[in-house]
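Chemist: Next comes the structure file protein_12.txt, holding compact mmCIF, C-alpha atoms and all ligand atoms.
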# COMPACT_ATOMS: atom_id res chain seq x y z
CA MET A 1 8.45 19.76 -26.50
CA VAL A 2 4.79 18.71 -26.40
CA ALA A 3 1.84 21.03 -25.88
CA VAL A 4 -1.72 19.74 -25.70
CA GLU A 5 -4.31 22.50 -25.74
CA GLY A 6 -7.99 21.99 -24.96
CA VAL A 7 -8.05 18.60 -26.66
CA GLY A 8 -11.20 16.48 -26.83
CA LYS A 9 -12.21 13.38 -28.75
CA SER A 10 -15.60 11.80 -29.40
CA PHE A 11 -16.27 8.60 -31.30
CA GLY A 12 -19.85 8.92 -32.49
CA GLY A 13 -21.82 9.06 -29.24
CA THR A 14 -18.87 8.18 -26.92
CA THR A 15 -16.76 10.95 -25.48
CA ALA A 16 -13.32 9.46 -24.81
CA VAL A 17 -11.36 12.62 -23.90
CA THR A 18 -12.63 16.00 -22.70
CA ASP A 19 -10.79 19.33 -22.58
CA VAL A 20 -7.26 18.12 -21.80
CA THR A 21 -4.49 20.71 -21.52
CA PHE A 22 -0.88 20.07 -20.48
CA SER A 23 2.66 20.41 -21.71
CA VAL A 24 5.82 18.37 -21.36
CA PRO A 25 9.16 20.21 -21.35
CA ARG A 26 12.16 18.67 -23.12
CA GLY A 27 13.76 15.77 -21.28
CA ARG A 28 10.88 15.25 -18.83
CA PHE A 29 8.95 12.07 -18.09
CA LEU A 30 5.17 12.36 -17.82
CA THR A 31 2.94 9.44 -16.88
CA ILE A 32 -0.74 9.38 -17.74
CA LEU A 33 -2.35 7.26 -15.01
CA GLY A 34 -5.96 6.17 -14.98
CA PRO A 35 -8.36 3.22 -14.90
CA SER A 36 -9.42 1.24 -17.95
CA GLY A 37 -11.48 3.33 -20.37
CA SER A 38 -10.33 6.69 -18.96
CA GLY A 39 -9.06 7.87 -22.36
CA LYS A 40 -5.31 7.29 -21.98
CA THR A 41 -4.71 5.43 -25.25
CA THR A 42 -6.93 7.82 -27.18
CA LEU A 43 -4.91 10.77 -25.88
CA LEU A 44 -1.60 9.09 -26.72
CA ARG A 45 -2.75 8.21 -30.23
CA MET A 46 -3.72 11.82 -30.80
CA ILE A 47 -0.26 12.97 -29.69
CA ALA A 48 1.25 10.42 -32.08
CA GLY A 49 -0.89 11.87 -34.85
CA PHE A 50 -2.79 8.63 -35.55
CA ILE A 51 -6.18 10.05 -34.70
CA GLU A 52 -7.37 13.59 -35.01
CA PRO A 53 -8.77 15.50 -32.02
CA SER A 54 -12.44 16.56 -32.25
CA GLN A 55 -11.46 19.75 -30.37
CA GLY A 56 -8.21 21.51 -29.57
CA GLU A 57 -4.71 21.28 -30.98
CA ILE A 58 -1.50 19.38 -30.24
CA TYR A 59 1.96 20.82 -30.89
CA ILE A 60 5.30 19.04 -31.01
CA HIS A 61 8.32 21.32 -31.19
CA GLY A 62 5.83 24.16 -31.63
CA LYS A 63 4.34 22.68 -34.83
CA PRO A 64 0.83 21.25 -35.02
CA VAL A 65 1.10 17.43 -35.10
CA SER A 66 -1.26 17.28 -38.06
CA ALA A 67 1.20 19.31 -40.16
CA VAL A 68 3.96 16.66 -40.02
CA PRO A 69 3.43 13.23 -41.67
CA PRO A 70 3.96 10.24 -39.32
CA HIS A 71 7.23 9.03 -40.87
CA ARG A 72 8.78 12.49 -40.47
CA ARG A 73 8.07 12.64 -36.74
CA ALA A 74 11.03 11.69 -34.55
CA ILE A 75 8.79 9.75 -32.18
CA GLY A 76 9.56 6.32 -30.73
CA MET A 77 6.43 4.39 -29.84
CA VAL A 78 5.38 1.30 -27.97
CA PHE A 79 1.69 0.60 -28.25
CA GLN A 80 -0.67 -1.51 -26.23
CA ARG A 81 -1.08 -3.84 -29.19
CA LEU A 82 2.55 -4.23 -30.22
CA ALA A 83 3.07 -3.45 -33.88
CA LEU A 84 6.08 -5.74 -34.33
CA PHE A 85 6.73 -7.45 -37.67
CA PRO A 86 5.87 -11.11 -36.94
CA HIS A 87 7.77 -12.52 -39.92
CA LEU A 88 11.02 -10.76 -39.02
CA THR A 89 13.53 -11.74 -36.34
CA ALA A 90 13.81 -9.76 -33.11
CA TRP A 91 17.09 -8.34 -34.45
CA ASP A 92 15.53 -7.14 -37.70
CA ASN A 93 12.63 -5.59 -35.83
CA VAL A 94 15.01 -3.52 -33.73
CA ALA A 95 17.23 -2.64 -36.71
CA TYR A 96 14.23 -1.59 -38.80
CA PRO A 97 13.91 2.03 -37.61
CA LEU A 98 17.64 2.56 -38.16
CA ARG A 99 17.49 1.22 -41.75
CA MET A 100 14.34 3.20 -42.47
CA ARG A 101 15.93 6.40 -41.21
CA GLY A 102 19.08 5.87 -43.30
CA PHE A 103 21.56 5.28 -40.46
CA ASP A 104 25.09 4.37 -41.55
CA ALA A 105 25.00 0.58 -42.13
CA ALA A 106 28.32 0.14 -40.31
CA GLU A 107 26.83 1.68 -37.18
CA ILE A 108 23.66 -0.41 -37.04
CA PRO A 109 24.95 -3.69 -35.50
CA ASP A 110 26.52 -1.94 -32.50
CA ARG A 111 23.42 0.10 -31.76
CA VAL A 112 21.12 -2.90 -32.07
CA ALA A 113 23.38 -5.09 -29.93
CA ALA A 114 23.48 -2.41 -27.23
CA MET A 115 19.68 -2.30 -27.11
CA PHE A 116 19.44 -6.09 -26.72
CA GLY A 117 21.72 -5.72 -23.71
CA ILE A 118 19.62 -2.95 -22.19
CA VAL A 119 16.34 -4.87 -22.47
CA GLN A 120 18.03 -8.10 -21.28
CA LEU A 121 17.36 -10.10 -24.45
CA LYS A 122 20.86 -11.17 -25.40
CA GLY A 123 20.68 -14.57 -27.08
CA PHE A 124 17.17 -13.98 -28.48
CA GLU A 125 18.26 -11.86 -31.44
CA GLN A 126 17.55 -14.47 -34.12
CA ARG A 127 14.13 -15.61 -32.86
CA ARG A 128 11.08 -14.68 -34.84
CA ILE A 129 8.50 -12.63 -32.98
CA GLN A 130 6.04 -15.54 -32.63
CA GLN A 131 8.81 -17.55 -30.98
CA LEU A 132 9.04 -15.07 -28.09
CA SER A 133 6.89 -14.80 -24.97
CA GLY A 134 4.59 -11.80 -24.47
CA GLY A 135 7.07 -10.10 -22.13
CA GLN A 136 9.98 -10.74 -24.49
CA GLN A 137 8.00 -9.24 -27.37
CA GLN A 138 7.27 -6.23 -25.22
CA ARG A 139 10.98 -5.74 -24.62
CA VAL A 140 11.70 -6.01 -28.36
CA ALA A 141 9.14 -3.24 -28.85
CA ILE A 142 10.87 -1.07 -26.23
CA ALA A 143 14.25 -1.66 -27.90
CA ARG A 144 12.79 -0.71 -31.26
CA ALA A 145 11.29 2.50 -29.86
CA LEU A 146 14.56 3.66 -28.30
CA VAL A 147 17.20 2.43 -30.78
CA PHE A 148 17.19 5.51 -33.00
CA GLU A 149 17.40 7.90 -30.04
CA PRO A 150 14.15 9.70 -30.77
CA ASP A 151 13.54 13.02 -29.04
CA LEU A 152 10.07 11.94 -27.97
CA VAL A 153 8.94 8.49 -26.82
CA LEU A 154 5.29 7.51 -26.37
CA LEU A 155 4.62 4.37 -24.36
CA ASP A 156 1.27 2.66 -23.88
CA GLU A 157 1.51 0.16 -21.01
CA PRO A 158 4.89 -1.09 -22.27
CA LEU A 159 5.58 -3.17 -19.17
CA ALA A 160 2.12 -4.64 -18.59
CA ALA A 161 2.97 -8.20 -19.76
CA LEU A 162 6.10 -8.55 -17.63
CA ASP A 163 6.24 -10.43 -14.36
CA ARG A 164 6.50 -8.25 -11.28
CA LYS A 165 10.24 -8.59 -10.69
CA LEU A 166 11.17 -7.89 -14.31
CA ARG A 167 8.63 -5.07 -14.48
CA GLU A 168 10.13 -3.34 -11.46
CA GLU A 169 13.65 -3.79 -12.87
CA MET A 170 12.57 -2.43 -16.24
CA GLN A 171 10.90 0.59 -14.60
CA LEU A 172 14.19 1.60 -13.03
CA GLU A 173 16.18 0.65 -16.12
CA PHE A 174 13.90 2.58 -18.42
CA ARG A 175 14.07 5.61 -16.15
CA ARG A 176 17.88 5.39 -16.18
CA ILE A 177 18.04 5.22 -20.00
CA GLN A 178 15.49 8.02 -20.29
CA GLN A 179 17.53 10.32 -18.06
CA GLU A 180 20.80 9.35 -19.71
CA LEU A 181 19.50 10.05 -23.22
CA GLY A 182 17.42 13.00 -22.02
CA VAL A 183 14.53 11.73 -24.12
CA THR A 184 11.15 13.33 -23.49
CA THR A 185 8.71 10.57 -22.57
CA ILE A 186 4.97 10.19 -22.19
CA ASN A 187 4.03 6.88 -20.59
CA VAL A 188 0.53 5.48 -20.14
CA THR A 189 -0.25 3.08 -17.31
CA HIS A 190 -2.93 2.01 -14.86
CA ASP A 191 -0.21 0.89 -12.41
CA GLN A 192 0.14 3.51 -9.70
CA ARG A 193 3.50 2.20 -8.53
CA GLU A 194 4.93 2.53 -12.03
CA ALA A 195 3.65 6.10 -12.25
CA LEU A 196 5.15 7.08 -8.90
CA VAL A 197 8.50 5.34 -9.53
CA MET A 198 9.24 6.51 -13.05
CA SER A 199 7.83 9.97 -13.58
CA ASP A 200 8.71 13.62 -13.14
CA GLU A 201 5.00 14.35 -13.31
CA VAL A 202 1.86 12.24 -13.06
CA MET A 203 -1.35 13.14 -14.83
CA VAL A 204 -4.29 11.27 -13.31
CA MET A 205 -7.27 10.78 -15.64
CA ASP A 206 -10.79 9.56 -15.07
CA GLY A 207 -13.73 9.62 -17.45
CA GLY A 208 -11.64 11.35 -20.13
CA ARG A 209 -10.79 14.29 -17.87
CA VAL A 210 -7.61 15.31 -16.09
CA GLN A 211 -8.06 14.92 -12.32
CA GLN A 212 -4.62 16.09 -11.22
CA LEU A 213 -1.28 16.95 -12.80
CA ALA A 214 1.54 17.05 -10.27
CA PRO A 215 4.86 15.48 -9.26
CA PRO A 216 4.50 11.93 -7.84
CA ALA A 217 4.98 12.89 -4.18
CA GLU A 218 2.37 15.63 -4.51
CA THR A 219 -0.20 13.27 -6.06
CA TYR A 220 0.36 10.88 -3.19
CA ARG A 221 0.47 13.39 -0.30
CA ASN A 222 -2.00 15.96 -1.58
CA PRO A 223 -4.55 14.29 -3.83
CA ALA A 224 -6.60 16.95 -5.60
CA ASN A 225 -9.89 15.14 -5.16
CA ALA A 226 -11.52 12.00 -3.84
CA PHE A 227 -10.88 10.10 -7.10
CA VAL A 228 -7.11 10.63 -6.93
CA ALA A 229 -7.07 9.73 -3.23
CA THR A 230 -8.82 6.42 -3.97
CA PHE A 231 -6.86 5.56 -7.09
CA ILE A 232 -3.41 6.04 -5.55
CA GLY A 233 -2.78 3.94 -2.48
CA VAL A 234 -5.31 2.09 -0.34
CA THR A 235 -7.62 4.69 1.11
CA ASN A 236 -10.47 4.63 3.59
CA PHE A 237 -13.33 7.01 2.87
CA LEU A 238 -15.31 8.18 5.86
CA PRO A 239 -18.41 10.33 5.59
CA ALA A 240 -18.26 13.12 8.19
CA HIS A 241 -19.55 16.53 9.25
CA VAL A 242 -17.61 19.65 10.12
CA ALA A 243 -17.70 19.85 13.94
CA SER A 244 -15.79 23.09 14.44
CA ARG A 245 -13.32 25.34 12.78
CA THR A 246 -11.13 27.96 14.36
CA GLY A 247 -8.89 29.71 11.88
CA SER A 248 -7.21 26.94 9.94
CA ALA A 249 -7.87 24.30 12.63
CA LEU A 250 -10.61 21.97 11.49
CA ARG A 251 -12.40 19.28 13.46
CA VAL A 252 -14.77 16.75 11.97
CA ARG A 253 -17.32 14.37 13.44
CA ILE A 254 -17.16 10.83 12.04
CA GLY A 255 -19.85 8.66 13.59
CA ASP A 256 -19.43 9.13 17.36
CA LEU A 257 -15.85 10.35 17.13
CA GLU A 258 -14.50 13.85 16.80
CA SER A 259 -11.08 14.28 15.21
CA PRO A 260 -8.80 17.09 14.12
CA ALA A 261 -8.29 16.99 10.33
CA ARG A 262 -6.87 18.97 7.45
CA LEU A 263 -8.54 20.38 4.38
CA ALA A 264 -7.37 18.75 1.09
CA ASP A 265 -6.93 22.12 -0.59
CA PRO A 266 -6.03 24.90 1.86
CA GLN A 267 -6.80 27.47 -0.86
CA LEU A 268 -10.48 26.57 -0.78
CA PRO A 269 -12.78 28.13 1.82
CA THR A 270 -13.33 25.89 4.84
CA PRO A 271 -16.78 24.31 4.65
CA PRO A 272 -19.19 25.71 7.27
CA HIS A 273 -20.02 24.14 10.61
CA GLY A 274 -22.26 21.11 10.09
CA ALA A 275 -21.40 20.71 6.38
CA ALA A 276 -21.20 17.14 5.07
CA VAL A 277 -17.68 16.20 3.91
CA ASP A 278 -15.70 13.11 2.95
CA CYS A 279 -12.55 12.23 4.83
CA ALA A 280 -9.77 10.22 3.19
CA LEU A 281 -7.47 8.23 5.44
CA ARG A 282 -4.72 6.14 3.83
CA ALA A 283 -4.51 2.59 5.12
CA GLU A 284 -0.79 2.99 5.88
CA HIS A 285 -1.50 6.09 7.98
CA VAL A 286 -3.68 4.26 10.47
CA TRP A 287 -1.93 3.15 13.64
CA LEU A 288 -2.78 -0.20 15.07
CA ARG A 289 -1.96 -1.30 18.63
CA SER A 290 -3.01 -4.30 20.59
CA GLY A 291 -3.63 -3.35 24.22
CA ALA A 292 -2.15 0.11 24.86
CA PRO A 293 -4.01 3.07 23.29
CA ALA A 294 -2.46 4.32 20.07
CA ASP A 295 -0.28 7.40 20.41
CA ALA A 296 -2.22 9.50 17.92
CA ASP A 297 -4.30 12.68 17.53
CA CYS A 298 -7.45 10.58 17.53
CA SER A 299 -7.99 6.96 18.49
CA SER A 300 -10.71 4.46 19.19
CA SER A 301 -11.03 0.80 19.94
CA GLY A 302 -11.99 -1.82 17.43
CA ARG A 303 -11.80 -5.47 16.54
CA VAL A 304 -9.84 -7.20 13.76
CA MET A 305 -12.26 -8.73 11.26
CA GLN A 306 -9.87 -9.85 8.59
CA CYS A 307 -6.11 -10.16 8.24
CA ILE A 308 -4.38 -10.53 4.87
CA PHE A 309 -0.71 -11.51 4.80
CA GLU A 310 1.08 -9.98 1.80
CA GLY A 311 4.69 -10.77 2.64
CA ASP A 312 6.25 -7.38 3.34
CA ARG A 313 3.05 -6.02 4.80
CA ILE A 314 -0.18 -7.05 6.45
CA VAL A 315 -3.54 -5.60 5.54
CA TYR A 316 -6.14 -5.58 8.30
CA GLU A 317 -9.82 -4.85 8.15
CA VAL A 318 -10.94 -3.49 11.47
CA ALA A 319 -14.46 -2.84 12.76
CA VAL A 320 -14.46 0.37 14.80
CA ALA A 321 -17.85 0.73 16.48
CA ALA A 322 -17.54 4.51 16.96
CA LEU A 323 -16.97 5.02 13.21
CA GLY A 324 -20.04 3.15 12.02
CA PRO A 325 -20.45 -0.07 10.05
CA ALA A 326 -17.73 0.40 7.38
CA LEU A 327 -14.52 -1.54 8.03
CA ILE A 328 -11.29 0.44 8.34
CA ARG A 329 -8.40 -0.88 6.29
CA VAL A 330 -4.99 -0.69 7.91
CA ILE A 331 -1.64 -1.54 6.33
CA ASP A 332 1.03 -2.62 8.80
CA ARG A 333 4.62 -2.58 7.53
CA THR A 334 6.41 -2.49 10.85
CA PRO A 335 9.11 -5.09 11.48
CA GLU A 336 6.78 -6.68 14.06
CA ALA A 337 4.17 -7.07 11.30
CA HIS A 338 4.78 -10.80 11.31
CA LEU A 339 3.03 -10.90 14.67
CA LEU A 340 -0.37 -11.41 13.12
CA LEU A 341 -3.39 -10.18 14.99
CA ALA A 342 -6.00 -12.84 14.50
CA PRO A 343 -9.59 -12.06 13.54
CA GLY A 344 -11.48 -11.18 16.71
CA ALA A 345 -8.47 -9.56 18.41
CA PRO A 346 -9.28 -6.28 20.20
CA VAL A 347 -7.13 -3.37 18.96
CA GLU A 348 -6.75 0.38 19.22
CA VAL A 349 -6.68 2.30 15.94
CA GLY A 350 -5.56 5.91 15.63
CA TRP A 351 -4.35 8.56 13.22
CA ASN A 352 -2.83 12.00 13.09
CA ALA A 353 -4.70 15.13 12.07
CA ARG A 354 -2.50 15.73 9.01
CA ASP A 355 -3.41 12.31 7.62
CA LEU A 356 -7.17 12.80 7.81
CA ILE A 357 -7.82 14.68 4.57
CA VAL A 358 -11.13 16.48 4.21
CA PHE A 359 -12.84 16.87 0.82
CA PRO A 360 -15.88 19.14 0.68
CA ARG A 361 -18.81 17.45 -1.06
N1 LIG A 401 -12.38 3.75 -32.07
C1 LIG A 401 -13.24 3.90 -31.06
N2 LIG A 401 -14.58 3.94 -31.28
C2 LIG A 401 -15.47 4.09 -30.29
N3 LIG A 401 -15.12 4.22 -29.00
C3 LIG A 401 -13.80 4.19 -28.69
C4 LIG A 401 -12.80 4.02 -29.70
N4 LIG A 401 -11.59 4.02 -29.10
C5 LIG A 401 -11.83 4.18 -27.76
N5 LIG A 401 -13.15 4.29 -27.52
C6 LIG A 401 -13.78 4.50 -26.21
O1 LIG A 401 -13.18 5.61 -25.58
C7 LIG A 401 -12.97 5.40 -24.21
C8 LIG A 401 -11.51 5.57 -23.87
O2 LIG A 401 -10.77 4.52 -24.46
P1 LIG A 401 -9.20 4.38 -24.34
O3 LIG A 401 -8.74 3.27 -25.19
O4 LIG A 401 -8.57 5.71 -24.58
O5 LIG A 401 -9.06 4.02 -22.78
P2 LIG A 401 -7.77 3.63 -21.94
O6 LIG A 401 -7.69 4.61 -20.82
O7 LIG A 401 -6.59 3.50 -22.81
O8 LIG A 401 -8.19 2.22 -21.32
P3 LIG A 401 -7.30 0.87 -21.06
O9 LIG A 401 -6.57 1.10 -19.75
O10 LIG A 401 -8.34 -0.19 -20.93
O11 LIG A 401 -6.40 0.67 -22.22
C9 LIG A 401 -13.52 4.01 -23.91
O12 LIG A 401 -14.81 4.14 -23.40
C10 LIG A 401 -13.53 3.34 -25.27
O13 LIG A 401 -14.54 2.37 -25.35
MG MG A 402 -5.37 1.90 -23.35
What is this structure when it is put down as structure tokens?
Ligand SMILES: Nc1ncnc2c1ncn2[C@@H]1O[C@H](COP(=O)(O)OP(=O)(O)OP(=O)(O)O)[C@@H](O)[C@H]1O
Ligand SMILES: [Mg+2]
Modeler:
Amino acid sequence: MVAVEGVGKSFGGTTAVTDVTFSVPRGRFLTILGPSGSGKTTLLRMIAGFIEPSQGEIYIHGKPVSAVPPHRRAIGMVFQRLALFPHLTAWDNVAYPLRMRGFDAAEIPDRVAAMFGIVQLKGFEQRRIQQLSGGQQQRVAIARALVFEPDLVLLDEPLAALDRKLREEMQLEFRRIQQELGVTTINVTHDQREALVMSDEVMVMDGGRVQQLAPPAETYRNPANAFVATFIGVTNFLPAHVASRTGSALRVRIGDLESPARLADPQLPTPPHGAAVDCALRAEHVWLRSGAPADADCSSSGRVMQCIFEGDRIVYEVAVAALGPALIRVIDRTPEAHLLLAPGAPVEVGWNARDLIVFPR
């Protein structure tokens, strides 16, 4: 459906996107995930045909995007700056693409009404755009992008202005509609949860380059590099050295501790004995016990420095003398998590070898 081949974009001296290649098969949902300024919007606007790549080519349905004028492209779009018509009502905004595309006038009211139901805006149909809140306007924009059943939808942070509860509902709802209609979707976000919840594939970008393109579970479990490991989830980074390696079994020395570990990419050659590496350890993969030693492949004693209550989980910062000065972050989601360990409490921390992911430098 969409093929992006070796695409780059520079604005004068700024390089926004460098050598991006990927494709999206019909009916699939791809999320482009990355921090602010990583080139997400630029890439999406090139796919939409609004800006021209400096290098490479983009194909939709096998045809170069540049060959088809914007109004002939069957693309539904929601942009970061919503391009709604402020002087029209919400209803007329949603009906607009249907009128413009010459849909049967008798069919329009039913389609528009159905979309207002889907985006939970029944009763707001006759409001003008300025009379709606930011989140309501965003939902009008989503309705307008989907109402004509386009075969490709491009979304640029469409849910960013919604409160958390509504955003999480809309993520699931949007995913349901997308699968029901089988509409190919490219979604841009900096929200890792949204990317993991909604997508068939996640493309992580940083500095205009693709860092990893993989299904959500893969991005989470097997981050391709240190950037992806830090961007998705709460991750501790521990500088270490290779202590020993026997076949595929790898041991690293972190401070005064030695621990079994696994290489991030088993295809790569194991770094030699003594080589400096970085170890990623997700905060939710660290075990925390008060008193009894943790039942783990490697453990050490520490002291709680900080304890942050977040409702369904508790985030601890723990000083572990054997690991050096950096604090280890630990996320505790167990049902006993309401038993807060106060700052100063002595604890045992531990982890399993498979959760200590080694990245060669
Ligand atoms: N028209 C432009 N002229 C000059 N530089 C630009 C232009 N548009 C974008 N850039 C630069 O290109 C880089 C990528 O911008 P882009 O808008 O694609 O980022 P983004 O990933 O969408 O970020 P955000 O999450 O903040 O929306 C940024 O450094 C930005 O300043
Ligand atoms: Mg953007």
Chemist: So, counting only C-alpha atoms and all ligand atoms, which residue among A:Leu30, A:Val188, A:Ile108, A:Met77 is closest to ligand MG 402 (chain A)?
Modeler: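 Selected residue with least distance to ligand MG 402 (chain A): A:Val188.
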Chemist: Residues up to 6 Å from ligand LIG 401 (chain A), counting only C-alpha atoms and all ligand atoms: could you list those as a list in words?
Modeler: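 Final answer, ordered by chain and number: Phe11, Thr14, Ala16, Pro35, Ser36, Gly37, Ser38, Gly39, Lys40, Thr41 and Thr42 of chain A.
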Chemist: Can you spit out the residues from that selection as a tab-separated table (two decimals), in the coordinates of the input, using C-alpha atoms?
Modeler:
chain	number	residue	atom	x	y	z
A	11	PHE	CA	-16.27	8.60	-31.30
A	14	THR	CA	-18.87	8.18	-26.92
A	16	ALA	CA	-13.32	9.46	-24.81
A	35	PRO	CA	-8.36	3.22	-14.90
A	36	SER	CA	-9.42	1.24	-17.95
A	37	GLY	CA	-11.48	3.33	-20.37
A	38	SER	CA	-10.33	6.69	-18.96
A	39	GLY	CA	-9.06	7.87	-22.36
A	40	LYS	CA	-5.31	7.29	-21.98
A	41	THR	CA	-4.71	5.43	-25.25
A	42	THR	CA	-6.93	7.82	-27.18
Chemist: For CA of Arg329 (chain A) and CA of Ala224 (chain A), quote the distance in Å rounded to one decimal.
Modeler: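 So the answer is 21.5 Å.
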Chemist: Using all atoms listed in the file, find the one residue out of A:Gly344, A:Pro109, A:Gly255, A:Gly134 that sits nearest to Leu159 (chain A).
Modeler: A:Gly134
Chemist: Between A:Phe231, A:Ala283, A:Gly135, A:Ala195, single out the one closest to Ala214 (chain A), counting only C-alpha atoms.
Modeler: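 Residue with the minimum atom-to-atom distance to Ala214 (chain A): A:Ala195.
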Chemist: Hey, which of A:Leu98, A:Ala321, A:Ala296, A:Leu288 ends up closest to Thr334 (chain A)? Count only C-alpha atoms.
Modeler: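 Smallest separation from Thr334 (chain A) among the options: A:Leu288.
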Chemist: Using all atoms listed in the file, which of the listed residues (A:His190, A:Arg28, A:His61, A:Arg175) sits closest to ligand MG 402 (chain A)?
Modeler: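 Of all the options, A:His190 lies closest to ligand MG 402 (chain A).
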Chemist: Have a look at A:Arg313, A:Lys9, A:Arg167, A:Arg111 and name the one nearest to Gln136 (chain A); count only C-alpha atoms.
Modeler: A:Arg167
Chemist: Quick one: distance from CA of Lys63 (chain A) to CA of Val4 (chain A) in Å, one decimal?
Modeler: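 Here the two named atoms are 11.3 Å from each other.
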Chemist: For CA of Leu162 (chain A) and CA of Arg139 (chain A), determine how far apart the two atoms are, in Å to one decimal place.
Modeler: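 Pair CA of Leu162 (chain A) / CA of Arg139 (chain A) returns 9.0 Å.
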Chemist: Please list as a VMD selection string every residue within 9 Å of Gln178 (chain A), counting all atoms listed in the file and excluding residues in the same chain fewer than 6 positions away.
Modeler: chain A and resid 27 to 29 184 to 185
Chemist: What residues have an atom no more than 9 Å from (5.1, 4.4, -25.0) in the file's own frame, counting all atoms listed in the file, and can you write them as a PyMOL selection string?
Modeler: chain A and resi 44+76-80+142+145+153-158+185-188
Chemist: Applying 10 Å and all atoms listed in the file, which residues near Val94 (chain A) remain after dropping the ones on its own chain fewer than 6 positions away? List them as a list in words.
Modeler: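 In the requested form, the answer reads Leu84, Phe85, Leu88, Ile108, Arg111, Val112, Ala113, Met115, Phe116, Glu125, Val140, Ala141, Ile142, Ala143, Arg144, Ala145, Leu146, Val147 and Phe148 of chain A.
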Chemist: If you count all atoms listed in the file, which residues fall within 10 Å of Gly324 (chain A), apart from same-chain ones fewer than 5 positions away, as a list in words?
Modeler: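 The residues that qualify are Leu238, Pro239, Ile254, Gly255, Asp256, Leu257 and Ala319 of chain A.
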Chemist: Please identify all polymer residues within 8 Å of Ser54 (chain A), counting only C-alpha atoms, omitting same-chain residues fewer than 6 positions from it, and present them as a count of residues only.
Modeler: 4
Chemist: Using all atoms listed in the file, list the residues that have an atom at most 6 Å from (12.8, 9.8, -32.0), coordinates as in the file, as a PDB file with C-alpha atoms, keeping the file's coordinate frame.
Modeler:
ATOM      1  CA  ALA A  74      11.030  11.690 -34.550  1.00  0.00           C
ATOM      2  CA  ILE A  75       8.790   9.750 -32.180  1.00  0.00           C
ATOM      3  CA  GLY A  76       9.560   6.320 -30.730  1.00  0.00           C
ATOM      4  CA  GLU A 149      17.400   7.900 -30.040  1.00  0.00           C
ATOM      5  CA  PRO A 150      14.150   9.700 -30.770  1.00  0.00           C
ATOM      6  CA  ASP A 151      13.540  13.020 -29.040  1.00  0.00           C
ATOM      7  CA  LEU A 152      10.070  11.940 -27.970  1.00  0.00           C
TER       8      LEU A 152
END
Chemist: Tell me, as a PyMOL selection string, which residues lie within 10 Å of Pro215 (chain A), counting all atoms listed in the file; anything in the same chain fewer than 5 positions away does not count.
Modeler: chain A and resi 30-31+195-196+199-203+220
